[in-house]
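Peer 1: This is the structure I want to talk about, given as structure tokens.
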Amino acid sequence: MKTNKFGIICLDLDETLFHTKNNHIYFRPKLINFLKYLNKYFYLVVFTAATKQYADSILSKIKWKNKKEEVNAKNIFALKLYRSSVTSNGKDLRIVLKRLLNNRLNKLNYIPKHFLVKKNKNKNTNILNLDNIILIDNLVHNFLDDQFFNGIPIKDFFKNKKEEHLLIMLDFIKKFLKQIKKKSNLTLKSYLYNNLYKINDSLKIEYHKPQC
């Protein structure tokens with residue numbers, strides 16, 4: 001099945017997309033534009049340490065118009081994973097892939113199989129494919145050691161209405177889409193490995209340009 005999507009992006013919620021304090025919700029600037037664009041070109045997953053009730057109640061408040069129809073953010077995700085899916089080591093993207101693969105087998109999604117599994121080079125079997133899945137999260141310790149370059153550690157958001165980190169993320173992702181049109185074998189993971197240093201001002205830790 002042909003698709004106009006180019007991978008899987010997992011999104012944390014608190015201090016990544018919004019901040020809550022004293023029963024008030026502060027949404028990160030340009031959040032709706034960010035979600036609309038990502039939803040057009042990627043399969044989206046919520047991966048949060050929050051409870052289902054809390055997460056869904058806030059996501060349901062994020063809405064926009066698509067032509068004449070209202071879109072609710074809680075309905076755009078291929079999968080939503082909550083507190084019980086977070087391990088003691090962090091957010092394991094293999095859990096995401098396994099759930100998406102299982103849902104695909106049950107015809108609950110139509111994500112192309114090559115985004116989920118790939119051939120094991122040494123054996124005639126499939127293994128989970130971590131090449132085209134990433135996690136955007138404000139907590140670095142949520143990235144597993146062997147999935148470090150599957151992660152974008154965005155700076156914390158609290159209430160700053162003038163910050164532009166989601167715009168910078170969007171531009172970063174647009175450049176990936178531009179590159180993949182010229183280099184079809186480019187993966188999200190390799191793109192992060194080679195380019196994260198370019199957006200250090202928006203990240204919690206400093207990356208360095210890879211040595212060729």
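Labels for the structure tokens follow display order: chains A, B, ..., residues from 1 in each chain, ligands from 1.
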Need the shell around Arg94 of chain A: protein/DNA/RNA residues with any atom at most 12 Å away, counting only C-alpha atoms. Skip same-chain ones fewer than 5 positions apart. Format as a list in words?
Peer 2: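 Near Arg94 of chain A, the qualifying residues are Cys10, Ser85, Val86, Thr87, Arg99, Leu100, Leu101, Leu116, Val117, Ile127, Leu128, Asn129, Leu130, Asp131, Asn132, Ile133, Ile134, Leu135, Phe143, Leu144, Asp146, Gln147 and Asn150 of chain A.
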Peer 1: Arg83 of chain A: which residues within 12 Å, counting only C-alpha atoms, same-chain residues fewer than 5 positions away excluded, as a PyMOL selection string?
Peer 2: chain A and resi 12-13+46-55+88+90-91
Peer 1: Looking at A:Leu17, A:Leu186, A:Ile32, A:Leu44, which one is nearest to Lys155 of chain A, with distances taken over only C-alpha atoms?
Peer 2: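 Of A:Leu17, A:Leu186, A:Ile32, A:Leu44, the one nearest Lys155 of chain A is A:Leu17, counting only C-alpha atoms.
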Peer 1: Taking into account only C-alpha atoms, which residue in the set A:Thr20, A:Asn102, A:Asn142, A:Asn109 is nearest to Asn89 of chain A?
Peer 2: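 Using only C-alpha atoms, the shortest distance to Asn89 of chain A belongs to A:Asn142.
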Peer 1: Near Asn194 of chain A, counting only C-alpha atoms, which residues have an atom at most 10 Å away, once you skip same-chain residues fewer than 4 positions from it, shown as a PyMOL selection string?
Peer 2: chain A and resi 149+189-190+198+207-212
Peer 1: So that I can see what lies close to Ile152 of chain A, please list as a ChimeraX atom specification the residues with an atom at most 7 Å from it, counting only C-alpha atoms and leaving out residues fewer than 2 positions away in the same chain.
Peer 2: /A:135-137,154
Peer 1: Please measure the separation of atom CA of Asp92 of chain A and atom CA of Tyr41 of chain A, giving the value in Å to one decimal.
Peer 2: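 Answer for the atom CA of Asp92 of chain A to atom CA of Tyr41 of chain A separation: 22.8 Å.
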Peer 1: Could you give me, as a ChimeraX atom specification, the residues within 12 Å of Lys174 of chain A, counting only C-alpha atoms and dropping anything in the same chain fewer than 3 positions from it?
Peer 2: /A:6,34,37-38,40-42,167-171,177-181,188,191
Peer 1: Any chance you could export the current selection's N, CA and C atoms as a short mmCIF file (atom, residue, chain, number, x, y, z; two decimals), in the first residue's frame?
Peer 2:
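Result went into part-v2.cif, see below:
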data_model
loop_
_atom_site.label_atom_id
_atom_site.label_comp_id
_atom_site.auth_asym_id
_atom_site.auth_seq_id
_atom_site.Cartn_x
_atom_site.Cartn_y
_atom_site.Cartn_z
N PHE A 6 6.02 9.27 6.15
CA PHE A 6 7.45 8.98 6.07
C PHE A 6 8.04 8.46 7.37
N PHE A 34 1.86 22.61 14.43
CA PHE A 34 2.81 21.51 14.58
C PHE A 34 2.11 20.16 14.40
N TYR A 37 0.71 19.56 10.74
CA TYR A 37 1.74 19.22 9.77
C TYR A 37 2.26 17.80 9.98
N LEU A 38 2.56 17.46 11.22
CA LEU A 38 3.07 16.11 11.49
C LEU A 38 2.05 15.06 11.11
N LYS A 40 -0.02 15.10 8.78
CA LYS A 40 -0.09 14.96 7.32
C LYS A 40 0.99 14.04 6.78
N TYR A 41 2.16 14.05 7.42
CA TYR A 41 3.30 13.34 6.84
C TYR A 41 3.83 12.18 7.68
N PHE A 42 3.29 11.99 8.88
CA PHE A 42 3.77 10.92 9.76
C PHE A 42 2.62 10.25 10.49
N LEU A 167 8.29 25.62 16.27
CA LEU A 167 8.56 26.11 14.92
C LEU A 167 9.92 25.60 14.43
N ILE A 168 10.89 25.58 15.34
CA ILE A 168 12.22 25.09 14.99
C ILE A 168 12.17 23.59 14.71
N MET A 169 11.40 22.85 15.52
CA MET A 169 11.22 21.41 15.28
C MET A 169 10.57 21.17 13.93
N LEU A 170 9.58 21.99 13.62
CA LEU A 170 8.85 21.83 12.36
C LEU A 170 9.77 22.07 11.17
N ASP A 171 10.57 23.09 11.26
CA ASP A 171 11.53 23.38 10.19
C ASP A 171 12.54 22.25 10.04
N LEU A 177 12.06 15.93 5.23
CA LEU A 177 11.18 15.57 4.12
C LEU A 177 11.77 16.03 2.78
N LYS A 178 12.44 17.16 2.81
CA LYS A 178 13.07 17.65 1.59
C LYS A 178 14.23 16.74 1.17
N GLN A 179 14.99 16.29 2.16
CA GLN A 179 16.13 15.42 1.86
C GLN A 179 15.69 14.04 1.38
N ILE A 180 14.61 13.53 1.97
CA ILE A 180 14.20 12.16 1.63
C ILE A 180 13.68 12.06 0.20
N LYS A 181 13.26 13.19 -0.35
CA LYS A 181 12.83 13.19 -1.76
C LYS A 181 14.01 12.97 -2.69
N LEU A 188 14.70 8.39 9.54
CA LEU A 188 14.57 9.38 10.59
C LEU A 188 15.74 9.29 11.58
N TYR A 191 18.91 10.67 10.10
CA TYR A 191 18.78 12.12 9.98
C TYR A 191 19.04 12.80 11.31
#
Peer 1: So that I can check the secondary structure, give me every residue of segment 11-153 of chain A assigned strand (DSSP E or B) by backbone DSSP, as JSON, numbers by chain.
Peer 2: {"A": [11, 14, 18, 19, 20, 21, 24, 25, 26, 27, 43, 44, 45, 46, 47, 63, 64, 65, 66, 69, 70, 71, 72, 79, 80, 81, 87, 90, 117, 118, 119, 126, 127, 128, 133, 134, 135, 136, 137, 151, 152, 153]}
